[in-house]
Amino acid sequence: MNAPSRFGTRYPFHPYPTGWFSVSFADDLAPRDVRPLRYFGRDLVLFRTESGEAVVTDAHCPHLGAHLGYDSWVEGETIVCPFHQWRYDTSGKCVHVPFAKAVPPRARVRKWPSAERGGMIFIWHDLDGRDPDWNLPEYDEIRHIPDAGFRRLHDDFGSAHPQDVFENGVDFAHFPGVHGTGRAVGNGQIILDGHRFFSPVRILPAGYDGPVENVDVGSTVDSEVIGGGLSRVESRTPQAPGIVTVYYVSVTPVDATLSHYYVRQIFLKDDDCPMSDEEIDRFTALAAEHGLKEQYSDGKIWPYKAYVEQPMLSAADGPILKYRDWYKQFHPAA
């Protein structure tokens with residue numbers, strides 16, 4: 001179908017794109033916690049200092065190679081190597097060597113740029129090791145409904161590339177067959193803003209046979225892809241006036257053979273929401289249950305699909321090629 005990939009994968013581009021990628025849910029990491037990670041084919045360590053800062057560094061101590069993700073511990077704002085108790089601060093610099101009068105000046109581990117957004121911890125990945133070109137946007141979510149929604153890490157969706165996963169937002173034709181909705185159509189202008197791609201979609205009611213231009217029936221789905229590794233989706237439905245369902249989805253390559261799919265669902269409540277507390281509780285519980293199941297609707301397809309570099313598109317398809325052309329900026333020149 002396509003020429004063989006020079007990267008040994010089913011995709012014609014490098015498996016590790018550029019951008020911000022989730023490595024943990026924020027609530028899973030308490031102060032002083034330490035977690036071993038493996039992403040982008042590298043061993044890493046994630047820890048949270050006593051003051052609450054989440055830090056990601058390369059995993060192995062440059063002294064004699066101990067893995068800082070196993071049997072290490074946090075003291076104040078440092079992580080302590082379990083082998084010889086060398087201590088590294090939040091910049092990755094070694095700041096203490098027991099019984100030594102001086103710290104070797106080049107003793108450090110690589111610190112990965114990190115950020116917390118949407119209840120997730122992200123790291124910046126660039127194959128050439130460059131610093132972030134841009135920061136993750138911050139969203140006003142003060143109106144979120146506590147204890148509603150879900151979060152899930154999937155390691156059962158195979159090696160789907162982030163580009164392939166986020167293409168769902170502009171793949172209008174898959175909504176009815178895969179997700180059991182009515183027809184999906186564009187709901188306004190596609191906006192390309194540097195590292196951000198905005199795609200507004202309207203999901204028409206099942207069986208709707210009226211005009212599709214400038215209609216206000218059905219649900220809205222406003223999808224935003226942010227760099228190479230994150231998508232944020234806001235949706236509204238007439239069944240829950242005044243409630244916004246928000247999904248954060250991040251696809252993080254472990255290596256060329258596996259990607260981790262992080263998803264978090266939350267709900268925002270408008271100030272003038274007409275629903276009662278009981279109605280809101282009922283809707284959010286059903287929406288969370290449905291959302292959990294729907295992850296597998298696409299997830300069962302990704303492990304087995306081929307990437308068609310020159311797809312045979314129809315009039316029912318969304319702006320797939322426009323999205324792919326925009327995403328090219330996150331493919332490293334490797």
# chains A, B, ... in the order shown; residues from 1 in each chain; ligands from 1
call {"tool": "residues_around", "arguments": {"residues": "Gly207 of chain A", "least_positions_apart": "2", "cutoff": "8 Å", "atoms": "only C-alpha atoms", "output": "list of chain:residue names"}}
result
A:Gly182, A:Pro205, A:Asp209
call {"tool": "write_last_selection", "arguments": {"atoms": "C-alpha atoms", "output": "CSV table (one decimal), in the first residue's frame"}}
result
chain,number,residue,atom,x,y,z
A,182,GLY,CA,-25.6,11.0,13.5
A,205,PRO,CA,-29.2,13.9,15.3
A,209,ASP,CA,-32.3,14.7,6.9
call {"tool": "select_by_dssp", "arguments": {"residues": "segment 82-212 of chain A", "states": "alpha helix (DSSP H)", "output": "list in words"}}
result
Pro162, Gln163, Asp164, Val165, Phe166, His174, Phe175, Pro176, Gly177, Val178 and His179 of chain A
call {"tool": "residues_around", "arguments": {"residues": "segment 87-100 of chain A", "least_positions_apart": "5", "cutoff": "8 Å", "atoms": "only C-alpha atoms", "output": "ChimeraX atom specification"}}
result
/A:55,57,77-81,107-111
call {"tool": "closest_residue", "arguments": {"among": "A:Tyr39, A:Trp326, A:Phe122, A:Thr237", "to": "Phe283 of chain A", "atoms": "only C-alpha atoms"}}
result
A:Thr237
call {"tool": "select_by_dssp", "arguments": {"residues": "segment 38-248 of chain A", "states": "strand (DSSP E or B)", "output": "short mmCIF file (atom, residue, chain, number, x, y, z; two decimals) with N, CA, C and O atoms, in the first residue's frame"}}
result
data_model
loop_
_atom_site.label_atom_id
_atom_site.label_comp_id
_atom_site.auth_asym_id
_atom_site.auth_seq_id
_atom_site.Cartn_x
_atom_site.Cartn_y
_atom_site.Cartn_z
N ARG A 38 9.46 4.87 31.13
CA ARG A 38 10.17 4.62 29.88
C ARG A 38 9.35 5.23 28.74
O ARG A 38 8.24 4.77 28.46
N TYR A 39 9.90 6.26 28.11
CA TYR A 39 9.25 6.91 26.99
C TYR A 39 10.29 7.33 25.97
O TYR A 39 11.45 7.59 26.32
N ARG A 42 13.69 5.72 26.03
CA ARG A 42 14.66 6.09 27.05
C ARG A 42 14.11 5.78 28.44
O ARG A 42 12.90 5.89 28.69
N ASP A 43 15.02 5.41 29.34
CA ASP A 43 14.65 5.22 30.74
C ASP A 43 14.68 6.57 31.44
O ASP A 43 15.68 7.30 31.37
N LEU A 44 13.58 6.88 32.15
CA LEU A 44 13.43 8.16 32.83
C LEU A 44 12.99 7.93 34.26
O LEU A 44 12.62 6.81 34.65
N VAL A 45 13.01 8.98 35.05
CA VAL A 45 12.48 8.92 36.42
C VAL A 45 11.64 10.17 36.65
O VAL A 45 12.01 11.27 36.23
N LEU A 46 10.51 9.97 37.29
CA LEU A 46 9.60 11.05 37.67
C LEU A 46 9.52 11.09 39.19
O LEU A 46 9.34 10.06 39.83
N PHE A 47 9.68 12.28 39.76
CA PHE A 47 9.52 12.42 41.21
C PHE A 47 8.89 13.75 41.54
O PHE A 47 8.91 14.69 40.73
N ARG A 48 8.28 13.83 42.72
CA ARG A 48 7.71 15.08 43.18
C ARG A 48 8.42 15.48 44.46
O ARG A 48 8.53 14.69 45.41
N ALA A 54 6.87 18.64 40.27
CA ALA A 54 7.07 17.39 39.53
C ALA A 54 8.28 17.54 38.62
O ALA A 54 8.40 18.53 37.88
N VAL A 55 9.19 16.56 38.68
CA VAL A 55 10.45 16.64 37.95
C VAL A 55 10.65 15.33 37.19
O VAL A 55 10.40 14.24 37.72
N VAL A 56 11.13 15.44 35.94
CA VAL A 56 11.49 14.28 35.14
C VAL A 56 12.93 14.43 34.69
O VAL A 56 13.31 15.49 34.15
N THR A 57 13.73 13.39 34.93
CA THR A 57 15.12 13.39 34.47
C THR A 57 15.42 12.06 33.82
O THR A 57 14.65 11.10 33.92
N ASP A 58 16.57 12.00 33.14
CA ASP A 58 17.08 10.71 32.70
C ASP A 58 17.27 9.83 33.93
O ASP A 58 17.50 10.32 35.05
N HIS A 60 19.51 7.24 34.81
CA HIS A 60 20.71 6.60 35.36
C HIS A 60 21.70 7.61 35.92
O HIS A 60 22.07 8.59 35.26
N HIS A 67 19.85 3.12 38.66
CA HIS A 67 18.59 3.67 38.16
C HIS A 67 17.92 4.45 39.28
O HIS A 67 17.61 3.91 40.35
N TRP A 73 14.96 7.91 46.87
CA TRP A 73 14.00 8.63 47.69
C TRP A 73 14.22 10.13 47.52
O TRP A 73 15.24 10.58 46.98
N VAL A 74 13.22 10.89 47.97
CA VAL A 74 13.27 12.34 47.87
C VAL A 74 13.61 12.93 49.23
O VAL A 74 13.03 12.54 50.24
N GLU A 75 14.57 13.85 49.22
CA GLU A 75 14.88 14.65 50.41
C GLU A 75 14.74 16.11 50.02
O GLU A 75 15.52 16.62 49.20
N THR A 78 15.42 17.41 46.38
CA THR A 78 16.40 16.57 45.69
C THR A 78 15.94 15.13 45.66
O THR A 78 15.14 14.69 46.49
N ILE A 79 16.49 14.37 44.69
CA ILE A 79 16.32 12.92 44.65
C ILE A 79 17.67 12.30 45.00
O ILE A 79 18.73 12.79 44.57
N VAL A 80 17.63 11.23 45.79
CA VAL A 80 18.84 10.60 46.31
C VAL A 80 19.05 9.26 45.62
O VAL A 80 18.17 8.40 45.63
N ARG A 87 23.03 13.20 45.48
CA ARG A 87 21.76 13.91 45.47
C ARG A 87 21.70 14.88 44.29
O ARG A 87 22.65 15.63 44.05
N TYR A 88 20.55 14.87 43.57
CA TYR A 88 20.35 15.69 42.39
C TYR A 88 19.17 16.63 42.63
O TYR A 88 18.11 16.20 43.10
N LYS A 93 21.22 18.85 38.54
CA LYS A 93 22.59 19.00 38.99
C LYS A 93 22.82 18.23 40.29
O LYS A 93 21.98 18.25 41.19
N CYS A 94 23.97 17.56 40.38
CA CYS A 94 24.35 16.90 41.63
C CYS A 94 24.78 17.98 42.63
O CYS A 94 25.66 18.80 42.34
N VAL A 95 24.17 17.95 43.83
CA VAL A 95 24.45 18.99 44.82
C VAL A 95 25.08 18.42 46.09
O VAL A 95 25.46 19.19 46.98
N HIS A 96 25.22 17.10 46.17
CA HIS A 96 25.83 16.52 47.38
C HIS A 96 26.37 15.13 47.08
O HIS A 96 25.70 14.31 46.44
N ARG A 108 25.67 15.56 36.64
CA ARG A 108 24.28 15.93 36.50
C ARG A 108 23.55 14.88 35.66
O ARG A 108 24.19 14.12 34.93
N LYS A 111 17.67 17.01 32.76
CA LYS A 111 16.33 17.40 33.20
C LYS A 111 15.46 17.63 31.97
O LYS A 111 15.82 18.38 31.07
N TRP A 112 14.27 17.01 31.95
CA TRP A 112 13.32 17.19 30.86
C TRP A 112 12.36 18.32 31.22
O TRP A 112 11.81 18.32 32.33
N SER A 114 9.10 20.15 31.93
CA SER A 114 7.83 19.53 32.32
C SER A 114 6.81 20.59 32.67
O SER A 114 7.15 21.76 32.93
N ALA A 115 5.54 20.19 32.67
CA ALA A 115 4.44 21.09 33.00
C ALA A 115 3.26 20.25 33.46
O ALA A 115 3.13 19.07 33.08
N GLU A 116 2.40 20.84 34.28
CA GLU A 116 1.16 20.20 34.70
C GLU A 116 -0.01 20.98 34.14
O GLU A 116 -0.13 22.18 34.37
N ARG A 117 -0.86 20.29 33.38
CA ARG A 117 -2.06 20.88 32.81
C ARG A 117 -3.16 19.82 32.79
O ARG A 117 -2.88 18.63 32.52
N MET A 120 -2.72 16.38 34.30
CA MET A 120 -1.68 15.50 33.78
C MET A 120 -0.31 16.17 33.94
O MET A 120 -0.21 17.39 34.01
N ILE A 121 0.71 15.35 33.97
CA ILE A 121 2.09 15.81 33.96
C ILE A 121 2.65 15.56 32.56
O ILE A 121 2.58 14.44 32.05
N PHE A 122 3.19 16.61 31.94
CA PHE A 122 3.72 16.54 30.58
C PHE A 122 5.22 16.80 30.57
O PHE A 122 5.74 17.52 31.41
N ILE A 123 5.88 16.19 29.60
CA ILE A 123 7.27 16.53 29.31
C ILE A 123 7.37 16.98 27.87
O ILE A 123 6.57 16.61 27.02
N TRP A 124 8.36 17.83 27.62
CA TRP A 124 8.66 18.29 26.27
C TRP A 124 9.62 17.33 25.61
O TRP A 124 10.66 16.98 26.19
N HIS A 125 9.28 16.88 24.40
CA HIS A 125 10.19 16.01 23.66
C HIS A 125 10.57 16.67 22.35
O HIS A 125 9.72 17.12 21.58
N HIS A 144 -15.15 23.60 36.93
CA HIS A 144 -15.25 22.15 36.78
C HIS A 144 -16.05 21.53 37.91
O HIS A 144 -16.10 22.06 39.03
N PHE A 150 -13.66 10.75 34.39
CA PHE A 150 -12.78 9.60 34.59
C PHE A 150 -11.40 9.92 34.04
O PHE A 150 -11.19 10.91 33.35
N ARG A 151 -10.47 9.05 34.32
CA ARG A 151 -9.14 9.09 33.72
C ARG A 151 -8.72 7.66 33.47
O ARG A 151 -9.09 6.74 34.21
N ARG A 152 -7.93 7.46 32.43
CA ARG A 152 -7.51 6.10 32.08
C ARG A 152 -6.23 6.15 31.27
O ARG A 152 -6.09 6.99 30.38
N LEU A 153 -5.31 5.26 31.60
CA LEU A 153 -4.12 5.06 30.79
C LEU A 153 -4.29 3.75 30.05
O LEU A 153 -4.47 2.69 30.66
N HIS A 154 -4.25 3.81 28.72
CA HIS A 154 -4.34 2.61 27.89
C HIS A 154 -2.96 2.25 27.36
O HIS A 154 -2.26 3.09 26.79
N ALA A 184 -21.62 13.67 11.02
CA ALA A 184 -20.74 14.73 11.50
C ALA A 184 -20.39 15.66 10.34
O ALA A 184 -20.06 15.20 9.24
N VAL A 185 -20.48 16.97 10.60
CA VAL A 185 -20.16 17.96 9.57
C VAL A 185 -19.34 19.07 10.20
O VAL A 185 -19.35 19.26 11.42
N GLY A 186 -18.64 19.84 9.37
CA GLY A 186 -17.91 20.99 9.87
C GLY A 186 -18.86 22.02 10.45
O GLY A 186 -19.98 22.21 9.95
N ILE A 191 -9.10 26.48 12.04
CA ILE A 191 -8.14 27.53 12.37
C ILE A 191 -6.78 26.90 12.65
O ILE A 191 -6.65 26.02 13.50
N LEU A 192 -5.78 27.35 11.92
CA LEU A 192 -4.40 26.93 12.13
C LEU A 192 -3.66 28.09 12.77
O LEU A 192 -3.52 29.16 12.17
N ASP A 193 -3.22 27.89 14.00
CA ASP A 193 -2.55 28.95 14.75
C ASP A 193 -1.22 28.41 15.26
O ASP A 193 -1.07 28.05 16.42
N ARG A 196 -1.19 25.10 17.12
CA ARG A 196 -2.55 24.74 17.51
C ARG A 196 -3.44 24.61 16.27
O ARG A 196 -3.41 25.46 15.38
N PHE A 197 -4.25 23.55 16.28
CA PHE A 197 -5.15 23.25 15.16
C PHE A 197 -6.56 23.11 15.73
O PHE A 197 -6.84 22.20 16.52
N PHE A 198 -7.45 24.03 15.34
CA PHE A 198 -8.81 24.05 15.86
C PHE A 198 -9.77 23.51 14.78
O PHE A 198 -9.76 23.99 13.65
N SER A 199 -10.61 22.55 15.19
CA SER A 199 -11.56 21.96 14.26
C SER A 199 -12.94 21.88 14.91
O SER A 199 -13.18 21.02 15.77
N PRO A 200 -13.89 22.76 14.54
CA PRO A 200 -15.24 22.69 15.10
C PRO A 200 -16.12 21.73 14.29
O PRO A 200 -16.14 21.78 13.06
N VAL A 201 -16.82 20.85 14.99
CA VAL A 201 -17.65 19.82 14.36
C VAL A 201 -19.04 19.85 14.97
O VAL A 201 -19.19 20.13 16.17
N ARG A 202 -20.03 19.56 14.16
CA ARG A 202 -21.39 19.39 14.68
C ARG A 202 -21.84 17.96 14.39
O ARG A 202 -21.68 17.48 13.26
N ILE A 203 -22.37 17.30 15.41
CA ILE A 203 -22.90 15.95 15.27
C ILE A 203 -24.41 16.07 15.14
O ILE A 203 -25.10 16.44 16.11
N SER A 219 -25.29 18.04 18.58
CA SER A 219 -24.23 18.35 19.53
C SER A 219 -23.07 19.02 18.83
O SER A 219 -22.88 18.87 17.62
N THR A 220 -22.29 19.77 19.58
CA THR A 220 -21.08 20.38 19.03
C THR A 220 -19.85 19.72 19.65
O THR A 220 -19.85 19.33 20.82
N VAL A 221 -18.80 19.59 18.85
CA VAL A 221 -17.53 19.02 19.30
C VAL A 221 -16.43 19.94 18.78
O VAL A 221 -16.18 20.00 17.57
N ASP A 222 -15.80 20.67 19.68
CA ASP A 222 -14.71 21.57 19.30
C ASP A 222 -13.39 20.94 19.69
O ASP A 222 -13.06 20.83 20.88
N SER A 223 -12.67 20.51 18.69
CA SER A 223 -11.42 19.77 18.89
C SER A 223 -10.23 20.68 18.66
O SER A 223 -10.20 21.46 17.72
N GLU A 224 -9.24 20.55 19.53
CA GLU A 224 -7.99 21.30 19.39
C GLU A 224 -6.82 20.34 19.56
O GLU A 224 -6.73 19.63 20.56
N VAL A 225 -5.95 20.29 18.57
CA VAL A 225 -4.70 19.53 18.68
C VAL A 225 -3.61 20.53 19.00
O VAL A 225 -3.48 21.57 18.34
N ILE A 226 -2.81 20.23 20.03
CA ILE A 226 -1.82 21.16 20.54
C ILE A 226 -0.45 20.50 20.39
O ILE A 226 -0.06 19.64 21.17
N LEU A 230 -0.82 16.25 22.12
CA LEU A 230 -1.96 16.51 23.00
C LEU A 230 -3.16 16.99 22.19
O LEU A 230 -3.02 17.77 21.24
N SER A 231 -4.32 16.51 22.58
CA SER A 231 -5.58 16.99 22.03
C SER A 231 -6.52 17.34 23.18
O SER A 231 -6.56 16.64 24.20
N ARG A 232 -7.24 18.45 23.02
CA ARG A 232 -8.26 18.84 24.00
C ARG A 232 -9.57 19.04 23.25
O ARG A 232 -9.62 19.76 22.25
N VAL A 233 -10.64 18.41 23.74
CA VAL A 233 -11.92 18.42 23.04
C VAL A 233 -13.01 18.91 24.00
O VAL A 233 -13.13 18.41 25.12
N GLU A 234 -13.80 19.89 23.56
CA GLU A 234 -14.96 20.35 24.30
C GLU A 234 -16.22 19.99 23.52
O GLU A 234 -16.28 20.22 22.31
N SER A 235 -17.21 19.43 24.22
CA SER A 235 -18.46 19.11 23.54
C SER A 235 -19.65 19.54 24.38
O SER A 235 -19.59 19.56 25.61
N ARG A 236 -20.72 19.90 23.67
CA ARG A 236 -22.00 20.24 24.29
C ARG A 236 -23.11 19.44 23.62
O ARG A 236 -23.04 19.19 22.41
N ILE A 243 -23.75 22.38 30.35
CA ILE A 243 -22.65 21.50 30.75
C ILE A 243 -21.71 21.31 29.57
O ILE A 243 -22.16 21.02 28.45
N VAL A 244 -20.42 21.47 29.79
CA VAL A 244 -19.39 21.22 28.78
C VAL A 244 -18.60 19.99 29.19
O VAL A 244 -18.08 19.93 30.31
N THR A 245 -18.54 19.02 28.30
CA THR A 245 -17.70 17.84 28.53
C THR A 245 -16.34 18.09 27.89
O THR A 245 -16.26 18.47 26.72
N VAL A 246 -15.29 17.90 28.67
CA VAL A 246 -13.92 18.16 28.19
C VAL A 246 -13.12 16.87 28.26
O VAL A 246 -13.13 16.17 29.28
N TYR A 247 -12.43 16.57 27.17
CA TYR A 247 -11.50 15.45 27.13
C TYR A 247 -10.09 15.97 26.88
O TYR A 247 -9.88 16.78 25.97
N TYR A 248 -9.15 15.51 27.68
CA TYR A 248 -7.74 15.65 27.38
C TYR A 248 -7.23 14.28 26.91
O TYR A 248 -7.44 13.28 27.60
#
call {"tool": "residues_around", "arguments": {"residues": "His179 of chain A", "least_positions_apart": "3", "cutoff": "10 Å", "atoms": "only C-alpha atoms", "output": "number ranges by chain"}}
result
A: 174-176, 182, 294-298
call {"tool": "residues_around", "arguments": {"residues": "Pro332 of chain A", "least_positions_apart": "6", "cutoff": "10 Å", "atoms": "only C-alpha atoms", "output": "list in words"}}
result
Phe13, His14, Pro15, Tyr16, Pro17, Thr18, Asp126, Leu127 and Asp128 of chain A
call {"tool": "closest_residue", "arguments": {"among": "A:Gly52, A:Gly218, A:Gly19, A:Gly76", "to": "Asn187 of chain A", "atoms": "only C-alpha atoms"}}
result
A:Gly218
call {"tool": "closest_residue", "arguments": {"among": "A:Trp302, A:Asp272, A:Ala173, A:Val215", "to": "Ala316 of chain A", "atoms": "only C-alpha atoms"}}
result
A:Ala173
call {"tool": "atom_distance", "arguments": {"atom1": "atom CA of Phe166 of chain A", "atom2": "atom CA of Leu29 of chain A"}}
result
26.7 Å
call {"tool": "atom_distance", "arguments": {"atom1": "atom CA of Thr181 of chain A", "atom2": "atom CA of Ala206 of chain A"}}
result
6.3 Å
call {"tool": "decode", "arguments": {"residues": "segment 123-139 of chain A", "atoms": "N, CA and C atoms", "output": "PDB file, in the first residue's frame"}}
result
ATOM      1  N   ILE A 123       5.880  16.185  29.602  1.00  0.00           N
ATOM      2  CA  ILE A 123       7.270  16.526  29.313  1.00  0.00           C
ATOM      3  C   ILE A 123       7.374  16.983  27.869  1.00  0.00           C
ATOM      4  N   TRP A 124       8.363  17.827  27.618  1.00  0.00           N
ATOM      5  CA  TRP A 124       8.658  18.290  26.266  1.00  0.00           C
ATOM      6  C   TRP A 124       9.621  17.331  25.612  1.00  0.00           C
ATOM      7  N   HIS A 125       9.278  16.877  24.402  1.00  0.00           N
ATOM      8  CA  HIS A 125      10.189  16.013  23.661  1.00  0.00           C
ATOM      9  C   HIS A 125      10.568  16.668  22.347  1.00  0.00           C
ATOM     10  N   ASP A 126      11.865  16.706  22.091  1.00  0.00           N
ATOM     11  CA  ASP A 126      12.408  17.117  20.809  1.00  0.00           C
ATOM     12  C   ASP A 126      13.575  16.191  20.523  1.00  0.00           C
ATOM     13  N   LEU A 127      13.540  15.543  19.368  1.00  0.00           N
ATOM     14  CA  LEU A 127      14.540  14.519  19.063  1.00  0.00           C
ATOM     15  C   LEU A 127      15.954  15.073  19.105  1.00  0.00           C
ATOM     16  N   ASP A 128      16.113  16.360  18.803  1.00  0.00           N
ATOM     17  CA  ASP A 128      17.435  16.986  18.811  1.00  0.00           C
ATOM     18  C   ASP A 128      17.774  17.633  20.149  1.00  0.00           C
ATOM     19  N   GLY A 129      16.898  17.465  21.141  1.00  0.00           N
ATOM     20  CA  GLY A 129      17.179  17.988  22.469  1.00  0.00           C
ATOM     21  C   GLY A 129      16.998  19.479  22.628  1.00  0.00           C
ATOM     22  N   ARG A 130      16.279  20.132  21.706  1.00  0.00           N
ATOM     23  CA  ARG A 130      16.074  21.567  21.809  1.00  0.00           C
ATOM     24  C   ARG A 130      15.050  21.900  22.891  1.00  0.00           C
ATOM     25  N   ASP A 131      15.172  23.104  23.448  1.00  0.00           N
ATOM     26  CA  ASP A 131      14.228  23.571  24.460  1.00  0.00           C
ATOM     27  C   ASP A 131      12.856  23.804  23.832  1.00  0.00           C
ATOM     28  N   PRO A 132      11.807  23.891  24.662  1.00  0.00           N
ATOM     29  CA  PRO A 132      10.451  24.086  24.123  1.00  0.00           C
ATOM     30  C   PRO A 132      10.335  25.347  23.275  1.00  0.00           C
ATOM     31  N   ASP A 133       9.640  25.207  22.157  1.00  0.00           N
ATOM     32  CA  ASP A 133       9.345  26.355  21.297  1.00  0.00           C
ATOM     33  C   ASP A 133       8.159  27.147  21.818  1.00  0.00           C
ATOM     34  N   TRP A 134       7.342  26.531  22.639  1.00  0.00           N
ATOM     35  CA  TRP A 134       6.122  27.158  23.133  1.00  0.00           C
ATOM     36  C   TRP A 134       5.674  26.423  24.390  1.00  0.00           C
ATOM     37  N   ASN A 135       4.876  27.099  25.191  1.00  0.00           N
ATOM     38  CA  ASN A 135       4.356  26.514  26.419  1.00  0.00           C
ATOM     39  C   ASN A 135       2.943  25.977  26.199  1.00  0.00           C
ATOM     40  N   LEU A 136       2.562  25.020  27.013  1.00  0.00           N
ATOM     41  CA  LEU A 136       1.197  24.519  26.948  1.00  0.00           C
ATOM     42  C   LEU A 136       0.225  25.619  27.362  1.00  0.00           C
ATOM     43  N   PRO A 137      -0.894  25.742  26.653  1.00  0.00           N
ATOM     44  CA  PRO A 137      -1.874  26.757  27.059  1.00  0.00           C
ATOM     45  C   PRO A 137      -2.520  26.411  28.400  1.00  0.00           C
ATOM     46  N   GLU A 138      -2.966  27.428  29.089  1.00  0.00           N
ATOM     47  CA  GLU A 138      -3.712  27.248  30.327  1.00  0.00           C
ATOM     48  C   GLU A 138      -5.175  27.573  30.071  1.00  0.00           C
ATOM     49  N   TYR A 139      -6.065  26.776  30.638  1.00  0.00           N
ATOM     50  CA  TYR A 139      -7.490  26.928  30.414  1.00  0.00           C
ATOM     51  C   TYR A 139      -8.186  27.275  31.733  1.00  0.00           C
TER      52      TYR A 139
END
